[in-house]
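Engineer: Supplied structure: protein10.pdb, PDB, C-alpha atoms.
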ATOM      1  CA  MET F   1       0.010  10.131 -18.783
ATOM      2  CA  PRO F   2      -2.364   8.296 -16.401
ATOM      3  CA  SER F   3      -5.063   6.257 -18.133
ATOM      4  CA  TRP F   4      -7.377   3.310 -17.605
ATOM      5  CA  GLU F   5      -5.313   1.362 -20.129
ATOM      6  CA  LEU F   6      -2.144   1.938 -18.120
ATOM      7  CA  ARG F   7      -3.982   0.890 -14.958
ATOM      8  CA  ASP F   8      -5.012  -2.373 -16.623
ATOM      9  CA  GLU F   9      -1.493  -2.998 -17.927
ATOM     10  CA  TYR F  10       0.141  -2.485 -14.523
ATOM     11  CA  ALA F  11      -2.548  -4.481 -12.724
ATOM     12  CA  THR F  12      -2.017  -7.415 -15.100
ATOM     13  CA  LYS F  13       1.758  -7.295 -14.581
ATOM     14  CA  LEU F  14       1.357  -7.089 -10.811
ATOM     15  CA  GLY F  15      -1.105  -9.970 -10.728
ATOM     16  CA  ALA F  16       1.199 -12.136 -12.850
ATOM     17  CA  ALA F  17       4.166 -11.366 -10.573
ATOM     18  CA  VAL F  18       2.141 -12.296  -7.472
ATOM     19  CA  ASP F  19       1.033 -15.544  -9.133
ATOM     20  CA  VAL F  20       4.645 -16.489  -9.916
ATOM     21  CA  ALA F  21       5.781 -15.564  -6.409
ATOM     22  CA  MET F  22       3.083 -17.718  -4.801
ATOM     23  CA  GLN F  23       4.234 -20.746  -6.788
ATOM     24  CA  THR F  24       7.908 -20.203  -6.002
ATOM     25  CA  PRO F  25       9.308 -21.731  -2.785
ATOM     26  CA  GLY F  26      10.381 -19.040  -0.337
ATOM     27  CA  ARG F  27      13.211 -18.976   2.142
ATOM     28  CA  SER F  28      13.104 -21.077   5.291
ATOM     29  CA  ILE F  29      12.612 -19.423   8.651
ATOM     30  CA  GLY F  30      13.845 -20.615  11.996
ATOM     31  CA  SER F  31      13.170 -20.140  15.667
ATOM     32  CA  PRO F  32      12.828 -18.698  18.177
ATOM     33  CA  LEU F  33      10.238 -16.080  17.266
ATOM     34  CA  GLN F  34      10.591 -12.761  19.109
ATOM     35  CA  THR F  35       7.776 -10.212  18.986
ATOM     36  CA  SER F  36       7.483  -6.631  20.146
ATOM     37  CA  TYR F  37       4.917  -3.868  19.944
ATOM     38  CA  GLN F  38       4.862  -0.207  20.857
ATOM     39  CA  GLU F  39       2.911   2.940  20.080
ATOM     40  CA  VAL F  40       4.796   6.119  19.229
ATOM     41  CA  GLN F  41       3.586   9.692  18.854
ATOM     42  CA  ILE F  42       4.488  11.257  15.495
ATOM     43  CA  PRO F  43       4.396  15.077  15.723
ATOM     44  CA  LEU F  44       2.301  17.234  13.425
ATOM     45  CA  ASP F  45       3.763  20.470  12.083
ATOM     46  CA  ILE F  46       1.514  22.624  14.265
ATOM     47  CA  THR F  47       2.617  25.331  16.688
ATOM     48  CA  ALA F  48       0.007  25.498  19.441
ATOM     49  CA  THR F  49       0.327  29.183  20.304
ATOM     50  CA  ALA F  50      -2.703  31.445  20.375
ATOM     51  CA  GLY F  51      -1.387  33.570  17.523
ATOM     52  CA  ASN F  52      -0.559  30.660  15.263
ATOM     53  CA  MET F  53      -3.806  28.830  15.951
ATOM     54  CA  ALA F  54      -5.716  31.999  15.045
ATOM     55  CA  ALA F  55      -3.851  31.995  11.716
ATOM     56  CA  VAL F  56      -4.589  28.284  11.234
ATOM     57  CA  ARG F  57      -8.267  28.908  11.938
ATOM     58  CA  ALA F  58      -8.341  31.745   9.414
ATOM     59  CA  ALA F  59      -6.696  29.534   6.799
ATOM     60  CA  TYR F  60      -9.338  26.875   7.315
ATOM     61  CA  ALA F  61     -12.109  29.481   7.217
ATOM     62  CA  SER F  62     -10.822  30.635   3.814
ATOM     63  CA  ARG F  63     -11.524  27.148   2.465
ATOM     64  CA  LEU F  64     -15.221  27.179   3.335
ATOM     65  CA  PRO F  65     -16.380  29.150   0.241
ATOM     66  CA  ASN F  66     -14.239  26.794  -1.902
ATOM     67  CA  LEU F  67     -13.059  29.564  -4.204
ATOM     68  CA  ASP F  68     -10.048  27.445  -5.199
ATOM     69  CA  GLY F  69     -12.125  24.581  -6.549
ATOM     70  CA  ASN F  70     -10.851  22.069  -4.000
ATOM     71  CA  PRO F  71     -12.621  18.719  -3.533
ATOM     72  CA  ALA F  72     -15.796  18.975  -1.466
ATOM     73  CA  TRP F  73     -14.253  17.189   1.482
ATOM     74  CA  TYR F  74     -11.808  20.077   1.968
ATOM     75  CA  GLY F  75     -14.713  22.213   3.140
ATOM     76  CA  ARG F  76     -16.073  19.516   5.434
ATOM     77  CA  HIS F  77     -12.597  18.965   6.861
ATOM     78  CA  ALA F  78     -12.185  22.715   7.406
ATOM     79  CA  GLN F  79     -15.450  22.885   9.349
ATOM     80  CA  VAL F  80     -14.347  20.055  11.640
ATOM     81  CA  MET F  81     -10.920  21.645  12.206
ATOM     82  CA  ILE F  82     -12.453  25.019  13.056
ATOM     83  CA  GLY F  83     -14.679  23.278  15.595
ATOM     84  CA  ARG F  84     -11.687  21.550  17.171
ATOM     85  CA  ILE F  85      -9.714  24.789  17.354
ATOM     86  CA  ASP F  86     -12.643  26.592  18.963
ATOM     87  CA  SER F  87     -13.084  23.830  21.518
ATOM     88  CA  GLY F  88      -9.356  23.307  22.094
ATOM     89  CA  SER F  89      -9.702  19.622  21.186
ATOM     90  CA  TYR F  90      -7.165  19.385  18.347
ATOM     91  CA  GLU F  91      -4.149  17.065  18.532
ATOM     92  CA  THR F  92      -0.547  18.095  17.861
ATOM     93  CA  SER F  93       0.648  14.523  17.240
ATOM     94  CA  VAL F  94      -0.735  11.240  15.952
ATOM     95  CA  VAL F  95      -0.228   7.840  17.539
ATOM     96  CA  CYS F  96       1.394   5.222  15.334
ATOM     97  CA  PRO F  97       1.620   1.499  16.229
ATOM     98  CA  PHE F  98       4.833  -0.414  15.476
ATOM     99  CA  GLN F  99       4.971  -4.203  15.552
ATOM    100  CA  VAL F 100       8.052  -6.344  14.864
ATOM    101  CA  TRP F 101       8.542 -10.094  14.460
ATOM    102  CA  LYS F 102      12.072 -11.504  14.446
ATOM    103  CA  PHE F 103      12.588 -15.084  13.311
ATOM    104  CA  GLY F 104      15.723 -17.062  14.101
ATOM    105  CA  GLY F 105      17.858 -18.638  11.425
ATOM    106  CA  SER F 106      20.584 -17.453   9.129
ATOM    107  CA  PRO F 107      20.005 -14.924   7.841
ATOM    108  CA  GLN F 108      17.558 -13.713  10.471
ATOM    109  CA  LEU F 109      14.238 -12.531   9.068
ATOM    110  CA  ARG F 110      12.780  -9.326  10.482
ATOM    111  CA  ILE F 111       9.218  -8.232   9.766
ATOM    112  CA  GLY F 112       8.244  -4.673  10.659
ATOM    113  CA  ILE F 113       4.622  -3.552  10.415
ATOM    114  CA  VAL F 114       3.723   0.109  10.871
ATOM    115  CA  GLY F 115       0.315   1.735  11.119
ATOM    116  CA  GLY F 116      -0.804   3.912   8.245
ATOM    117  CA  GLU F 117       0.171   3.837   4.589
ATOM    118  CA  LEU F 118       3.965   3.833   4.346
ATOM    119  CA  VAL F 119       5.549   5.276   1.221
ATOM    120  CA  SER F 120       7.840   2.788  -0.525
ATOM    121  CA  GLY F 121      11.074   4.567   0.409
ATOM    122  CA  TYR F 122      10.987   3.054   3.876
ATOM    123  CA  ALA F 123      10.990  -0.512   2.536
ATOM    124  CA  ALA F 124      13.905   0.360   0.233
ATOM    125  CA  TYR F 125      15.858   1.882   3.137
ATOM    126  CA  PHE F 126      15.445  -1.120   5.438
ATOM    127  CA  ARG F 127      16.079  -3.675   2.689
ATOM    128  CA  ALA F 128      19.377  -1.965   1.953
ATOM    129  CA  LYS F 129      20.310  -2.056   5.629
ATOM    130  CA  PHE F 130      19.159  -5.564   6.584
ATOM    131  CA  GLY F 131      20.055  -7.809   3.659
ATOM    132  CA  GLY F 132      17.322  -7.276   1.121
ATOM    133  CA  ALA F 133      13.965  -9.049   0.958
ATOM    134  CA  ASN F 134      15.442 -12.201   2.514
ATOM    135  CA  GLY F 135      16.447 -10.225   5.580
ATOM    136  CA  VAL F 136      13.581  -7.817   6.168
ATOM    137  CA  ILE F 137       9.982  -7.175   5.210
ATOM    138  CA  VAL F 138       8.452  -3.779   5.986
ATOM    139  CA  GLY F 139       4.802  -2.970   5.484
ATOM    140  CA  GLY F 140       2.024  -0.622   6.463
ATOM    141  CA  TYR F 141      -1.659  -0.845   7.393
ATOM    142  CA  GLY F 142      -0.625  -2.644  10.587
ATOM    143  CA  ASN F 143      -3.113  -2.457  13.501
ATOM    144  CA  GLU F 144      -4.332   0.977  12.427
ATOM    145  CA  SER F 145      -4.574   3.064   9.260
ATOM    146  CA  CYS F 146      -5.556   6.711   9.498
ATOM    147  CA  TYR F 147      -2.783   8.573   7.651
ATOM    148  CA  TYR F 148      -0.121   8.361   5.007
ATOM    149  CA  VAL F 149       3.374   7.949   6.463
ATOM    150  CA  PRO F 150       5.527  10.120   4.181
ATOM    151  CA  SER F 151       9.292  10.295   4.065
ATOM    152  CA  ALA F 152      11.130  13.618   4.249
ATOM    153  CA  GLN F 153      11.133  14.053   0.467
ATOM    154  CA  PHE F 154       7.360  14.656   0.557
ATOM    155  CA  LEU F 155       7.603  17.484   3.122
ATOM    156  CA  PRO F 156       8.998  21.025   3.206
ATOM    157  CA  PRO F 157      11.669  22.076   2.474
ATOM    158  CA  TYR F 158      12.455  19.126   0.172
ATOM    159  CA  SER F 159       9.093  19.362  -1.578
ATOM    160  CA  SER F 160       7.983  22.863  -2.536
ATOM    161  CA  GLY F 161       4.871  22.227  -4.615
ATOM    162  CA  GLY F 162       2.648  20.480  -2.126
ATOM    163  CA  SER F 163       2.217  16.741  -1.767
ATOM    164  CA  TYR F 164      -0.845  14.518  -1.442
ATOM    165  CA  GLU F 165       1.180  11.867   0.404
ATOM    166  CA  GLY F 166       2.829  14.530   2.548
ATOM    167  CA  GLY F 167      -0.562  15.951   3.452
ATOM    168  CA  TRP F 168      -0.052  19.614   2.538
ATOM    169  CA  ASP F 169      -0.820  22.125  -0.209
ATOM    170  CA  PRO F 170       1.602  24.794  -1.462
ATOM    171  CA  ASP F 171      -0.795  27.651  -0.611
ATOM    172  CA  HIS F 172      -1.161  26.485   3.002
ATOM    173  CA  PRO F 173       1.946  24.591   4.131
ATOM    174  CA  GLY F 174       1.096  25.061   7.803
ATOM    175  CA  ILE F 175      -2.243  23.237   7.733
ATOM    176  CA  ALA F 176      -3.527  19.921   6.443
ATOM    177  CA  GLY F 177      -3.903  19.303   2.737
ATOM    178  CA  GLY F 178      -3.957  16.332   0.433
ATOM    179  CA  SER F 179      -4.240  13.044   2.304
ATOM    180  CA  MET F 180      -4.455  14.658   5.727
ATOM    181  CA  THR F 181      -7.809  16.214   4.810
ATOM    182  CA  VAL F 182      -9.094  12.727   4.030
ATOM    183  CA  TYR F 183      -7.938  11.302   7.339
ATOM    184  CA  GLY F 184      -9.043  14.254   9.434
ATOM    185  CA  HIS F 185      -5.871  15.697  10.940
ATOM    186  CA  ILE F 186      -5.261  19.378  11.614
ATOM    187  CA  GLY F 187      -1.842  19.528   9.961
ATOM    188  CA  HIS F 188       0.735  17.520   8.084
ATOM    189  CA  PHE F 189       3.526  15.606   9.780
ATOM    190  CA  ARG F 190       6.621  17.450  10.900
ATOM    191  CA  GLY F 191       9.845  16.926   8.980
ATOM    192  CA  GLY F 192      13.428  17.275  10.181
ATOM    193  CA  THR F 193      15.350  15.417  12.851
ATOM    194  CA  THR F 194      12.331  15.078  15.167
ATOM    195  CA  GLY F 195       9.751  14.459  12.450
ATOM    196  CA  VAL F 196       8.026  11.549  10.814
ATOM    197  CA  GLU F 197      10.925  10.017   8.868
ATOM    198  CA  ALA F 198      13.294  10.157  11.816
ATOM    199  CA  THR F 199      10.623   8.686  14.100
ATOM    200  CA  VAL F 200       9.875   5.744  11.815
ATOM    201  CA  ILE F 201      13.516   4.937  11.095
ATOM    202  CA  ASN F 202      14.693   5.311  14.700
ATOM    203  CA  THR F 203      11.804   3.274  16.097
ATOM    204  CA  LEU F 204      12.177   0.374  13.683
ATOM    205  CA  ASN F 205      15.963   0.348  13.960
ATOM    206  CA  SER F 206      15.598   0.075  17.739
ATOM    207  CA  MET F 207      13.022  -2.701  17.495
ATOM    208  CA  PHE F 208      14.993  -4.594  14.830
ATOM    209  CA  ALA F 209      18.171  -4.598  16.939
TER     210      ALA F 209
END
Please go through the file and, once you have read it, give me the structure as structure tokens.
Structural biologist:
Amino acid sequence: MPSWELRDEYATKLGAAVDVAMQTPGRSIGSPLQTSYQEVQIPLDITATAGNMAAVRAAYASRLPNLDGNPAWYGRHAQVMIGRIDSGSYETSVVCPFQVWKFGGSPQLRIGIVGGELVSGYAAYFRAKFGGANGVIVGGYGNESCYYVPSAQFLPPYSSGGSYEGGWDPDHPGIAGGSMTVYGHIGHFRGGTTGVEATVINTLNSMFA
């Protein structure tokens, strides 16, 4: 059960681990240093047909009275989305910056920095593929941060009860919910073979090569 006491306990443990790590010599890195940067569009799960956008607009309009007891920002987000739909100014994808540093040496150290708040599964995936923490470091909040970057497990059909990190609610899977209402996007990220997880993994794998 979440509590302030548990917060304090975990924060103390995390701070102690960081303190130990800072006093422990790390691995050596070599040269040359190779850098790369690119921006990639990650698709939102929005179908931009007139019929579907009318349904999306109606779903947002149903949030305005706040009969479901949602946070206040849901209503403000809904108003903005309705305005974008009416003006045709909504986006069907979100730009995401990717930056990679590759240091020489053995083993080679790769550092991949992605915009937004990456869920931890991505770091686990790349550590398993590139030799653990000595071989790769993956992080978020790089160059831009205006969305969570969920993995497939946070999106339909793998998650059926909604997901804050995935940016959707179970009553409205086709429009933004959770974190996406905070960041101001019209829908959550698309899943599947052309969606957010595939985009992140394919892009970083290509840049790490």
Engineer: Can you give me, as a PyMOL selection string, the residues this file yields under the PyMOL selection byres ((chain F and resi 90-105) around 9)?
Structural biologist: chain F and resi 28-48+81+83-85+87-89+106-116+142-145+147+185-187+189+200+203-204+207-208
Engineer: Counting all atoms listed in the file, figure out which residue out of F:Ala198, F:Asn205, F:Ala176, F:Tyr122 gets nearest to F:Ala78.
Structural biologist: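 With all atoms listed in the file as the atom set, the closest residue is F:Ala176.
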Engineer: Compare F:Asp68, F:Asp86, F:Asp169, F:Glu197 by their minimum atom-to-atom distance to F:Gly121, counting all atoms listed in the file, and give me the closest one.
Structural biologist: F:Glu197
Engineer: Grab the atom CA of F:Asn70 to atom CA of F:Gly177 distance for me, in Å with one decimal place.
Structural biologist: 10.1 Å
Engineer: One decimal, Å: what's the distance from atom CA of F:Asn52 over to atom CA of F:Val182, could you say?
Structural biologist: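 Between these atoms lies a distance of 22.8 Å.
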Engineer: For a quick check of understanding, using all atoms listed in the file, which of F:Gly184, F:Gly69, F:Gly15, F:Gly192 has the smallest distance to F:Cys146?
Structural biologist: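 Answer, going by the shortest atom-to-atom distance: F:Gly184.
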Engineer: Draw an axis-aligned box over all listed atoms of stretch 4-22 of chain F, pad each side with 4 Å, and write its centre and edge lengths in Å, one decimal, as AutoDock Vina command-line options.
Structural biologist:
--center_x -0.8 --center_y -7.2 --center_z -12.5 --size_x 21.2 --size_y 29.0 --size_z 23.3
Engineer: Mind pulling up the distance from atom CA of F:Val119 to atom CA of F:Gly131?
Structural biologist: 19.7 Å
Engineer: Pick the closest to F:Ala54 from F:Pro25, F:Trp168, F:Ile137, F:Ile175: which is it, counting all atoms listed in the file?
Structural biologist: F:Ile175
Engineer: Of the residues F:Ala17, F:Ile82, F:Leu67, F:Val149, which is the one nearest to F:Met53, using all atoms listed in the file?
Structural biologist: F:Ile82
Engineer: Calculated over only C-alpha atoms, which of the candidates F:Lys129, F:Arg190, F:Arg63, F:Arg76 has the smallest distance to F:Asp171?
Structural biologist: F:Arg63
Engineer: To test your reading of the syntax: which residues would the PyMOL selection byres ((chain F and resi 154) around 10) return for the file shown? Reply as a ChimeraX atom specification.
Structural biologist: /F:119,149-153,155-168,191
Engineer: Can you spit out stretch 56-81 of chain F with N, CA, C and O atoms, as a compact mmCIF listing (two decimals), in the first residue's frame, from the structure just given?
Structural biologist:
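Result went into out.txt, see below:
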# COMPACT_ATOMS: atom_id res chain seq x y z
N VAL F 56 -14.38 11.00 -31.63
CA VAL F 56 -13.37 11.48 -30.68
C VAL F 56 -13.82 12.79 -30.05
O VAL F 56 -13.71 12.98 -28.83
N ARG F 57 -14.37 13.68 -30.87
CA ARG F 57 -14.85 14.95 -30.34
C ARG F 57 -15.96 14.73 -29.32
O ARG F 57 -16.00 15.37 -28.26
N ALA F 58 -16.89 13.83 -29.65
CA ALA F 58 -17.99 13.54 -28.73
C ALA F 58 -17.47 12.95 -27.41
O ALA F 58 -18.00 13.25 -26.33
N ALA F 59 -16.46 12.11 -27.49
CA ALA F 59 -15.88 11.53 -26.28
C ALA F 59 -15.26 12.62 -25.41
O ALA F 59 -15.41 12.60 -24.17
N TYR F 60 -14.57 13.56 -26.04
CA TYR F 60 -14.01 14.65 -25.26
C TYR F 60 -15.11 15.55 -24.69
O TYR F 60 -15.01 16.02 -23.55
N ALA F 61 -16.15 15.78 -25.46
CA ALA F 61 -17.25 16.62 -24.97
C ALA F 61 -17.91 15.99 -23.75
O ALA F 61 -18.36 16.71 -22.83
N SER F 62 -17.94 14.65 -23.69
CA SER F 62 -18.56 13.98 -22.54
C SER F 62 -17.75 14.17 -21.27
O SER F 62 -18.27 13.96 -20.17
N ARG F 63 -16.51 14.59 -21.39
CA ARG F 63 -15.68 14.83 -20.20
C ARG F 63 -15.91 16.21 -19.59
O ARG F 63 -15.52 16.45 -18.45
N LEU F 64 -16.47 17.12 -20.34
CA LEU F 64 -16.58 18.50 -19.86
C LEU F 64 -17.41 18.63 -18.58
O LEU F 64 -17.02 19.39 -17.68
N PRO F 65 -18.55 17.92 -18.44
CA PRO F 65 -19.29 18.04 -17.17
C PRO F 65 -18.59 17.35 -15.99
O PRO F 65 -18.99 17.53 -14.85
N ASN F 66 -17.60 16.52 -16.28
CA ASN F 66 -16.83 15.78 -15.27
C ASN F 66 -17.74 14.95 -14.37
O ASN F 66 -17.61 14.96 -13.14
N LEU F 67 -18.63 14.19 -14.99
CA LEU F 67 -19.52 13.32 -14.23
C LEU F 67 -18.80 12.11 -13.66
O LEU F 67 -19.30 11.46 -12.74
N ASP F 68 -17.61 11.80 -14.19
CA ASP F 68 -16.86 10.64 -13.72
C ASP F 68 -15.89 10.97 -12.59
O ASP F 68 -15.20 10.08 -12.09
N GLY F 69 -15.84 12.23 -12.19
CA GLY F 69 -14.94 12.61 -11.11
C GLY F 69 -13.47 12.58 -11.49
O GLY F 69 -12.61 12.34 -10.64
N ASN F 70 -13.17 12.84 -12.76
CA ASN F 70 -11.79 12.88 -13.20
C ASN F 70 -11.07 14.10 -12.63
O ASN F 70 -11.71 15.06 -12.20
N PRO F 71 -9.74 14.11 -12.65
CA PRO F 71 -9.02 15.32 -12.23
C PRO F 71 -9.45 16.52 -13.08
O PRO F 71 -9.85 16.37 -14.24
N ALA F 72 -9.32 17.71 -12.52
CA ALA F 72 -9.79 18.91 -13.20
C ALA F 72 -9.12 19.12 -14.55
O ALA F 72 -9.73 19.66 -15.48
N TRP F 73 -7.86 18.69 -14.66
CA TRP F 73 -7.18 18.94 -15.93
C TRP F 73 -7.75 18.12 -17.08
O TRP F 73 -7.53 18.45 -18.24
N TYR F 74 -8.50 17.06 -16.79
CA TYR F 74 -9.16 16.31 -17.87
C TYR F 74 -10.10 17.22 -18.64
O TYR F 74 -10.17 17.16 -19.88
N GLY F 75 -10.86 18.05 -17.92
CA GLY F 75 -11.78 18.96 -18.58
C GLY F 75 -11.05 20.02 -19.39
O GLY F 75 -11.46 20.33 -20.52
N ARG F 76 -9.97 20.55 -18.84
CA ARG F 76 -9.21 21.57 -19.58
C ARG F 76 -8.58 20.95 -20.82
O ARG F 76 -8.56 21.57 -21.90
N HIS F 77 -8.06 19.73 -20.68
CA HIS F 77 -7.49 19.03 -21.82
C HIS F 77 -8.56 18.79 -22.88
O HIS F 77 -8.32 19.00 -24.08
N ALA F 78 -9.75 18.37 -22.45
CA ALA F 78 -10.84 18.11 -23.40
C ALA F 78 -11.20 19.36 -24.19
O ALA F 78 -11.43 19.30 -25.41
N GLN F 79 -11.25 20.50 -23.52
CA GLN F 79 -11.57 21.75 -24.21
C GLN F 79 -10.53 22.06 -25.29
O GLN F 79 -10.88 22.47 -26.41
N VAL F 80 -9.26 21.87 -24.96
CA VAL F 80 -8.20 22.14 -25.93
C VAL F 80 -8.30 21.18 -27.12
O VAL F 80 -8.15 21.59 -28.28
N MET F 81 -8.58 19.90 -26.84
CA MET F 81 -8.66 18.91 -27.92
C MET F 81 -9.85 19.20 -28.84
O MET F 81 -9.75 19.07 -30.06
